[in-house]
Each structure stands twice: as structure tokens, then as C-alpha cells.
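Printed here is entry_3.pdb (PDB, C-alpha atoms):
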```
MODEL        1
ATOM      1  CA  MET G  24     -10.311  11.114   6.586
ATOM      2  CA  SER G  25      -7.425   8.772   5.880
ATOM      3  CA  SER G  26      -5.612   7.266   8.858
ATOM      4  CA  THR G  27      -2.563   9.045  10.230
ATOM      5  CA  LEU G  28      -0.823   5.677  10.607
ATOM      6  CA  LEU G  29      -1.145   2.500   8.564
ATOM      7  CA  VAL G  30       0.221  -0.966   9.258
ATOM      8  CA  LEU G  31       0.864  -3.073   6.160
ATOM      9  CA  ASN G  32       1.079  -6.810   6.804
ATOM     10  CA  GLU G  33       1.884  -8.944   3.756
ATOM     11  CA  VAL G  34       2.691 -12.610   3.230
ATOM     12  CA  ALA G  35       2.986 -15.090   0.348
ATOM     13  CA  ALA G  36       0.886 -18.214   0.609
ATOM     14  CA  ALA G  37       2.303 -21.578  -0.412
ATOM     15  CA  PRO G  38       1.276 -22.802  -3.893
ATOM     16  CA  GLY G  39      -2.401 -23.706  -3.922
ATOM     17  CA  LYS G  40      -2.949 -22.444  -0.369
ATOM     18  CA  ALA G  41      -3.897 -18.788  -0.897
ATOM     19  CA  ASP G  42      -7.658 -19.343  -0.721
ATOM     20  CA  HIS G  43      -7.330 -21.398   2.443
ATOM     21  CA  VAL G  44      -5.054 -18.894   4.174
ATOM     22  CA  LEU G  45      -7.328 -16.037   3.172
ATOM     23  CA  GLU G  46     -10.400 -17.796   4.535
ATOM     24  CA  GLN G  47      -8.666 -18.495   7.856
ATOM     25  CA  TRP G  48      -7.366 -14.938   8.062
ATOM     26  CA  GLN G  49     -10.842 -13.513   7.432
ATOM     27  CA  GLN G  50     -12.387 -15.681  10.124
ATOM     28  CA  PHE G  51      -9.588 -14.741  12.518
ATOM     29  CA  ASN G  52     -10.165 -11.007  11.961
ATOM     30  CA  GLN G  53     -13.896 -11.349  12.511
ATOM     31  CA  LYS G  54     -13.257 -12.347  16.130
ATOM     32  CA  GLU G  55     -11.820  -8.899  16.930
ATOM     33  CA  PRO G  56     -12.935  -6.434  14.247
ATOM     34  CA  ILE G  57     -10.986  -3.203  13.726
ATOM     35  CA  ALA G  58     -12.693  -0.308  11.964
ATOM     36  CA  GLY G  59     -11.171   0.247   8.543
ATOM     37  CA  ARG G  60      -9.023  -2.877   8.471
ATOM     38  CA  ALA G  61      -9.068  -4.581   5.069
ATOM     39  CA  LEU G  62      -7.712  -7.762   3.482
ATOM     40  CA  TYR G  63      -6.510  -7.967  -0.118
ATOM     41  CA  ARG G  64      -5.150 -10.495  -2.568
ATOM     42  CA  SER G  65      -2.509  -9.587  -5.158
ATOM     43  CA  LEU G  66      -3.546  -9.660  -8.805
ATOM     44  CA  ASP G  67      -0.118 -10.977  -9.796
ATOM     45  CA  ASP G  68       0.671 -13.769  -7.337
ATOM     46  CA  ASP G  69      -0.424 -15.489  -4.110
ATOM     47  CA  ASN G  70       0.502 -12.579  -1.861
ATOM     48  CA  LEU G  71      -2.057 -11.547   0.723
ATOM     49  CA  LEU G  72      -2.095  -8.060   2.232
ATOM     50  CA  GLU G  73      -3.756  -6.664   5.332
ATOM     51  CA  ILE G  74      -3.994  -2.891   5.828
ATOM     52  CA  THR G  75      -4.795  -1.762   9.356
ATOM     53  CA  PRO G  76      -5.325   1.869  10.378
ATOM     54  CA  VAL G  77      -4.047   2.839  13.821
ATOM     55  CA  ALA G  78      -4.293   6.123  15.707
ATOM     56  CA  GLU G  79      -1.189   5.716  17.878
ATOM     57  CA  VAL G  80       2.060   3.773  17.611
ATOM     58  CA  SER G  81       1.222   2.180  20.982
ATOM     59  CA  GLU G  82      -1.601   0.230  19.300
ATOM     60  CA  VAL G  83       0.979  -1.921  17.510
ATOM     61  CA  ALA G  84       1.633  -3.811  20.754
ATOM     62  CA  ALA G  85      -1.905  -5.195  20.732
ATOM     63  CA  LEU G  86      -1.573  -6.060  17.052
ATOM     64  CA  ASN G  87       1.643  -7.935  17.784
ATOM     65  CA  ALA G  88      -0.137 -10.211  20.246
ATOM     66  CA  ARG G  89      -2.689 -11.044  17.571
ATOM     67  CA  TRP G  90       0.041 -11.614  14.970
ATOM     68  CA  HIS G  91       1.458 -14.416  17.128
ATOM     69  CA  GLU G  92      -1.952 -16.081  17.101
ATOM     70  CA  LEU G  93      -2.287 -15.623  13.352
ATOM     71  CA  TRP G  94       1.149 -17.208  12.861
ATOM     72  CA  ASP G  95       0.069 -20.291  14.773
ATOM     73  CA  LEU G  96      -3.055 -20.502  12.636
ATOM     74  CA  VAL G  97      -1.624 -20.169   9.109
ATOM     75  CA  SER G  98       2.162 -20.663   9.160
ATOM     76  CA  GLU G  99       1.998 -24.223   7.788
ATOM     77  CA  ASP G 100       0.449 -22.861   4.579
ATOM     78  CA  LEU G 101       2.854 -19.964   3.959
ATOM     79  CA  ALA G 102       5.739 -19.638   1.496
ATOM     80  CA  THR G 103       7.295 -16.632   3.263
ATOM     81  CA  ASP G 104       7.289 -14.932   6.617
ATOM     82  CA  PHE G 105       5.124 -11.866   7.180
ATOM     83  CA  ARG G 106       6.537  -8.548   5.995
ATOM     84  CA  ARG G 107       5.282  -5.613   8.018
ATOM     85  CA  GLN G 108       5.743  -1.881   7.911
ATOM     86  CA  LEU G 109       4.327   1.128   9.720
ATOM     87  CA  LEU G 110       3.541   4.148   7.552
ATOM     88  CA  ASP G 111       3.095   7.771   8.603
ATOM     89  CA  PHE G 112       0.605   9.986   6.731
ATOM     90  CA  ILE G 113       2.074  12.981   4.881
ATOM     91  CA  GLU G 114      -0.628  14.348   2.554
ATOM     92  CA  ALA G 115      -3.479  13.321   0.271
ATOM     93  CA  PRO G 116      -4.055  14.773  -3.186
ATOM     94  CA  LYS G 117      -7.248  12.670  -3.167
ATOM     95  CA  ASP G 118      -8.383  11.987   0.380
ATOM     96  CA  VAL G 119     -11.107   9.602   1.532
ATOM     97  CA  ALA G 120     -13.744   9.745   4.244
ATOM     98  CA  GLU G 121     -12.663   6.377   5.629
ATOM     99  CA  PRO G 122      -9.353   5.454   7.352
ATOM    100  CA  VAL G 123      -8.498   3.171   4.390
ATOM    101  CA  PRO G 124      -9.866   3.454   0.819
ATOM    102  CA  ALA G 125     -13.113   1.508   0.531
ATOM    103  CA  THR G 126     -12.500   0.797  -3.152
ATOM    104  CA  PRO G 127     -12.440  -2.747  -4.601
ATOM    105  CA  TYR G 128      -8.781  -2.308  -5.565
ATOM    106  CA  VAL G 129      -5.740  -0.649  -4.064
ATOM    107  CA  GLN G 130      -2.319  -0.080  -5.510
ATOM    108  CA  LEU G 131       0.859   0.380  -3.495
ATOM    109  CA  ARG G 132       3.426   2.602  -5.224
ATOM    110  CA  HIS G 133       6.772   2.688  -3.409
ATOM    111  CA  ILE G 134       9.934   4.695  -3.993
ATOM    112  CA  GLU G 135      12.976   5.439  -1.884
ATOM    113  CA  VAL G 136      13.904   9.100  -2.290
ATOM    114  CA  LYS G 137      17.458  10.371  -1.960
ATOM    115  CA  PRO G 138      17.532  12.135   1.432
ATOM    116  CA  ARG G 139      19.275  15.246   0.107
ATOM    117  CA  GLU G 140      16.571  15.592  -2.559
ATOM    118  CA  TYR G 141      13.548  14.950  -0.344
ATOM    119  CA  ALA G 142      12.438  18.594   0.070
ATOM    120  CA  ALA G 143      12.814  19.226  -3.665
ATOM    121  CA  TYR G 144      10.996  15.972  -4.403
ATOM    122  CA  ARG G 145       8.011  17.032  -2.285
ATOM    123  CA  GLU G 146       7.696  20.243  -4.289
ATOM    124  CA  TRP G 147       8.230  18.433  -7.601
ATOM    125  CA  ARG G 148       5.597  15.762  -7.002
ATOM    126  CA  GLU G 149       2.976  18.393  -6.169
ATOM    127  CA  ASN G 150       3.270  19.746  -9.720
ATOM    128  CA  THR G 151       3.718  16.422 -11.518
ATOM    129  CA  ILE G 152       2.435  13.205  -9.925
ATOM    130  CA  PHE G 153      -0.310  14.913  -7.956
ATOM    131  CA  ASN G 154      -1.481  16.922 -10.981
ATOM    132  CA  VAL G 155      -1.996  13.714 -12.944
ATOM    133  CA  VAL G 156      -3.784  12.038 -10.052
ATOM    134  CA  ARG G 157      -6.159  14.934  -9.412
ATOM    135  CA  ARG G 158      -7.226  15.005 -13.078
ATOM    136  CA  ALA G 159      -7.751  11.243 -13.366
ATOM    137  CA  ASP G 160     -11.329  10.138 -12.681
ATOM    138  CA  GLU G 161     -10.064   6.550 -12.511
ATOM    139  CA  VAL G 162      -8.159   7.345  -9.304
ATOM    140  CA  LYS G 163     -10.644   7.540  -6.435
ATOM    141  CA  ALA G 164      -8.087   7.843  -3.623
ATOM    142  CA  PHE G 165      -4.410   8.756  -3.530
ATOM    143  CA  LEU G 166      -2.705   8.945  -0.144
ATOM    144  CA  ALA G 167       0.957   9.768   0.419
ATOM    145  CA  TYR G 168       2.707   8.074   3.345
ATOM    146  CA  HIS G 169       6.315   7.741   4.461
ATOM    147  CA  SER G 170       7.841   4.756   6.220
ATOM    148  CA  LEU G 171       8.084   5.065   9.989
ATOM    149  CA  LEU G 172       9.255   1.504  10.608
ATOM    150  CA  SER G 173      10.154  -0.614   7.584
ATOM    151  CA  THR G 174      12.839  -2.677   5.907
ATOM    152  CA  GLU G 175      11.783  -0.844   2.714
ATOM    153  CA  PRO G 176      12.157   2.818   3.710
ATOM    154  CA  GLY G 177      10.726   5.610   1.656
ATOM    155  CA  VAL G 178       7.533   6.967   0.155
ATOM    156  CA  MET G 179       4.439   4.796  -0.163
ATOM    157  CA  PHE G 180       1.436   5.936  -2.172
ATOM    158  CA  VAL G 181      -1.791   4.090  -1.346
ATOM    159  CA  SER G 182      -4.105   4.485  -4.313
ATOM    160  CA  GLY G 183      -7.703   3.278  -4.522
ATOM    161  CA  PHE G 184      -9.745   2.578  -7.660
ATOM    162  CA  GLU G 185     -12.912   0.780  -8.735
ATOM    163  CA  CYS G 186     -12.611   0.519 -12.521
ATOM    164  CA  ALA G 187     -10.960  -2.343 -14.394
ATOM    165  CA  PRO G 188      -7.248  -2.564 -13.517
ATOM    166  CA  GLU G 189      -6.286  -2.057 -17.166
ATOM    167  CA  GLN G 190      -8.238   1.198 -17.303
ATOM    168  CA  TYR G 191      -6.617   2.407 -14.095
ATOM    169  CA  GLN G 192      -3.114   1.425 -15.215
ATOM    170  CA  ALA G 193      -3.533   3.482 -18.379
ATOM    171  CA  VAL G 194      -3.290   6.637 -16.243
ATOM    172  CA  PHE G 195       0.256   5.679 -15.272
ATOM    173  CA  THR G 196       1.443   4.312 -18.605
ATOM    174  CA  SER G 197       0.584   7.436 -20.584
ATOM    175  CA  PRO G 198       3.453   9.312 -22.270
ATOM    176  CA  GLU G 199       2.941  12.174 -19.789
ATOM    177  CA  TYR G 200       3.375   9.929 -16.784
ATOM    178  CA  GLN G 201       6.277   8.004 -18.277
ATOM    179  CA  GLU G 202       8.105  11.320 -18.579
ATOM    180  CA  ILE G 203       7.386  11.923 -14.896
ATOM    181  CA  VAL G 204       8.803   8.511 -14.012
ATOM    182  CA  GLN G 205      11.948   9.253 -15.986
ATOM    183  CA  GLN G 206      12.364  12.612 -14.239
ATOM    184  CA  ALA G 207      11.996  10.937 -10.860
ATOM    185  CA  GLY G 208      14.480   8.218 -11.737
ATOM    186  CA  ASP G 209      17.044  10.683 -13.025
ATOM    187  CA  ARG G 210      17.032  12.919  -9.967
ATOM    188  CA  TYR G 211      15.093  11.715  -6.953
ATOM    189  CA  ILE G 212      14.921   7.919  -6.626
ATOM    190  CA  VAL G 213      17.624   5.826  -4.994
ATOM    191  CA  GLY G 214      18.706   3.388  -7.695
ATOM    192  CA  GLY G 215      16.949   5.301 -10.473
ATOM    193  CA  GLU G 216      13.750   3.856 -11.917
ATOM    194  CA  SER G 217      14.677   0.434 -10.483
ATOM    195  CA  GLY G 218      13.960   1.933  -7.049
ATOM    196  CA  LEU G 219      10.254   2.134  -7.914
ATOM    197  CA  TYR G 220       7.736  -0.689  -7.564
ATOM    198  CA  THR G 221       3.968  -0.927  -7.885
ATOM    199  CA  ARG G 222       1.614  -3.701  -6.770
ATOM    200  CA  VAL G 223      -2.129  -4.025  -7.275
ATOM    201  CA  TYR G 224      -4.466  -5.882  -4.922
ATOM    202  CA  LYS G 225      -8.165  -6.750  -4.939
ATOM    203  CA  ARG G 226     -10.129  -6.436  -1.743
ATOM    204  CA  ALA G 227     -11.063  -9.839  -0.407
ATOM    205  CA  ASP G 228     -13.209  -9.177   2.669
ATOM    206  CA  VAL G 229     -16.254  -7.523   1.147
TER     207      VAL G 229
ENDMDL
END
```
Any chance you could put this one into C-alpha cells?
Amino acid sequence: MSSTLLVLNEVAAAPGKADHVLEQWQQFNQKEPIAGRALYRSLDDDNLLEITPVAEVSEVAALNARWHELWDLVSEDLATDFRRQLLDFIEAPKDVAEPVPATPYVQLRHIEVKPREYAAYREWRENTIFNVVRRADEVKAFLAYHSLLSTEPGVMFVSGFECAPEQYQAVFTSPEYQEIVQQAGDRYIVGGESGLYTRVYKRADV
């Protein structure tokens, strides 16, 4: 079953340093393994992402101590500071047996929903977004979270897939789904469609 809480920890490596940072990060994590934790590399740039499942908010304190050590290890090879957020599980139209999808790829799909429309949005997405996801064989996992602590508040979908990224993306570029995106932008999303972003990552620690 997917984790009730997820910590996302993302950073951009300096030009030409992504492989080195990733190797150091992998070795660092091997010293104190956490069940379900996974490292990813963006398909679009030199961003590196760690997803860590936690059972209680209190576990973040122990993670913080390790983050200080990781900073000392890799900061010279980074282009940005770490960006972290804590996500709270809401529901899963396609759940997984593991705390985090074990698929070779994950996609993060983020939107900030207008607070006054949130209840209506939850009902709407059940009959639109989730219908598409449930029918799509390309989507192996689709987990809906909401930010608990984040500088980017809102909904975060964590989607897992194992096919070619182009085949997976076709699910969300179809005319049916583009109509869904337009509906969301017109009514539910802060900033319209510009309030939506998606990022795809390939798992790096398998």
C-alpha cells in the first residue's frame, strides 16, 4: 500500500556534475537504507529527486540530521539548494503494494486548486482524471497526495509507469485529456492552466 506520507527532496546538479552527485547520493543512502526510498534523475535536465516514505511526521527530524550530512557531501557540485516538501496521502485510483511505486519511471503532476473549489474539484477529478487513469494500461500507479509542508502548496499526483515515456505521455496528450486540462484550468486551478506542471524522472538506484 502506498505510504501515507512522502518526503520529496529535489536538487539541480551543476553542469556536468549530475552523475557524480548521483553516485555520491546513492552511496550515502546505502549506509542507512530506508524501505521504499528511491532516487531518480529527471529526463529533462540535471535535477535529481529522492522520494522517501515516512509513517509519522516525527520521522522528518531524523531525515533532517542526514540532510545536513548530505549537504556537506555534495554541495560543491550543486546548482541549487535542495527543495523539499512533505505530502499527505489522499486517495489512489491505482494503488501499489509498495510505499513508493517500484516502476522504472515516475511522473509528478502538480496543481494548486482554488480553496473554495476544492470539494467540487475532488468530485470532478473522480469522474474525469481518475477515469482516464483507471482505463490506461500504461499507468501502473497513480497516487493522489496533498501538500502538508511545501513552498508549492496543492495537489501532487505521483504516477508510475514502465513503458517508453512517449507511450505514457500519449495518455495525457489525447484530445479527451486535453479537454480535462482545459476544464481544470477554467474552474479549479489557481492561475489557470499555467498553475499545472508535470515532470518525469527515471529511477536511478536499481
For the structure shown, which residues end up in the PyMOL selection byres ((chain G and resi 155) around 12)? Put them as a PDB file with C-alpha atoms, in the coordinates of the input, please?
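Done, and the output landed in result.pdb:
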```
ATOM      1  CA  PRO G 116      -4.055  14.773  -3.186  1.00  0.00           C
ATOM      2  CA  LYS G 117      -7.248  12.670  -3.167  1.00  0.00           C
ATOM      3  CA  ARG G 148       5.597  15.762  -7.002  1.00  0.00           C
ATOM      4  CA  GLU G 149       2.976  18.393  -6.169  1.00  0.00           C
ATOM      5  CA  ASN G 150       3.270  19.746  -9.720  1.00  0.00           C
ATOM      6  CA  THR G 151       3.718  16.422 -11.518  1.00  0.00           C
ATOM      7  CA  ILE G 152       2.435  13.205  -9.925  1.00  0.00           C
ATOM      8  CA  PHE G 153      -0.310  14.913  -7.956  1.00  0.00           C
ATOM      9  CA  ASN G 154      -1.481  16.922 -10.981  1.00  0.00           C
ATOM     10  CA  VAL G 156      -3.784  12.038 -10.052  1.00  0.00           C
ATOM     11  CA  ARG G 157      -6.159  14.934  -9.412  1.00  0.00           C
ATOM     12  CA  ARG G 158      -7.226  15.005 -13.078  1.00  0.00           C
ATOM     13  CA  ALA G 159      -7.751  11.243 -13.366  1.00  0.00           C
ATOM     14  CA  ASP G 160     -11.329  10.138 -12.681  1.00  0.00           C
ATOM     15  CA  GLU G 161     -10.064   6.550 -12.511  1.00  0.00           C
ATOM     16  CA  VAL G 162      -8.159   7.345  -9.304  1.00  0.00           C
ATOM     17  CA  PHE G 165      -4.410   8.756  -3.530  1.00  0.00           C
ATOM     18  CA  ALA G 193      -3.533   3.482 -18.379  1.00  0.00           C
ATOM     19  CA  VAL G 194      -3.290   6.637 -16.243  1.00  0.00           C
ATOM     20  CA  PHE G 195       0.256   5.679 -15.272  1.00  0.00           C
ATOM     21  CA  THR G 196       1.443   4.312 -18.605  1.00  0.00           C
ATOM     22  CA  SER G 197       0.584   7.436 -20.584  1.00  0.00           C
ATOM     23  CA  PRO G 198       3.453   9.312 -22.270  1.00  0.00           C
ATOM     24  CA  GLU G 199       2.941  12.174 -19.789  1.00  0.00           C
ATOM     25  CA  TYR G 200       3.375   9.929 -16.784  1.00  0.00           C
ATOM     26  CA  GLN G 201       6.277   8.004 -18.277  1.00  0.00           C
ATOM     27  CA  GLU G 202       8.105  11.320 -18.579  1.00  0.00           C
ATOM     28  CA  ILE G 203       7.386  11.923 -14.896  1.00  0.00           C
TER      29      ILE G 203
END
```
- [ ] For the file shown, report as a list in words the outcome of the PyMOL selection byres ((chain G and resi 118) around 7) at residue level.
- [x] Met24, Ser25, Ala115, Pro116, Lys117, Val119, Ala120, Ala164, Phe165 and Leu166 of chain G
- [ ] Could you jot down the atom CA of G:Leu172 to atom CA of G:Asn32 separation for me, Å, one decimal place?
- [x] 12.3 Å
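Look at G:Val136: the protein and nucleic acid residues within 8 Å of it, using only C-alpha atoms and passing over chain neighbours fewer than 5 places away, are Tyr141, Tyr144, Gly177, Val178, Tyr211, Ile212 and Val213 of chain G.
Neighbours of G:Pro188 closer than or equal to 10 Å, with all atoms listed in the file counted and sequence neighbours fewer than 6 positions away skipped, come out as G:Leu66, G:Tyr128, G:Val129, G:Gln130, G:Glu161, G:Val223, G:Tyr224, G:Lys225.
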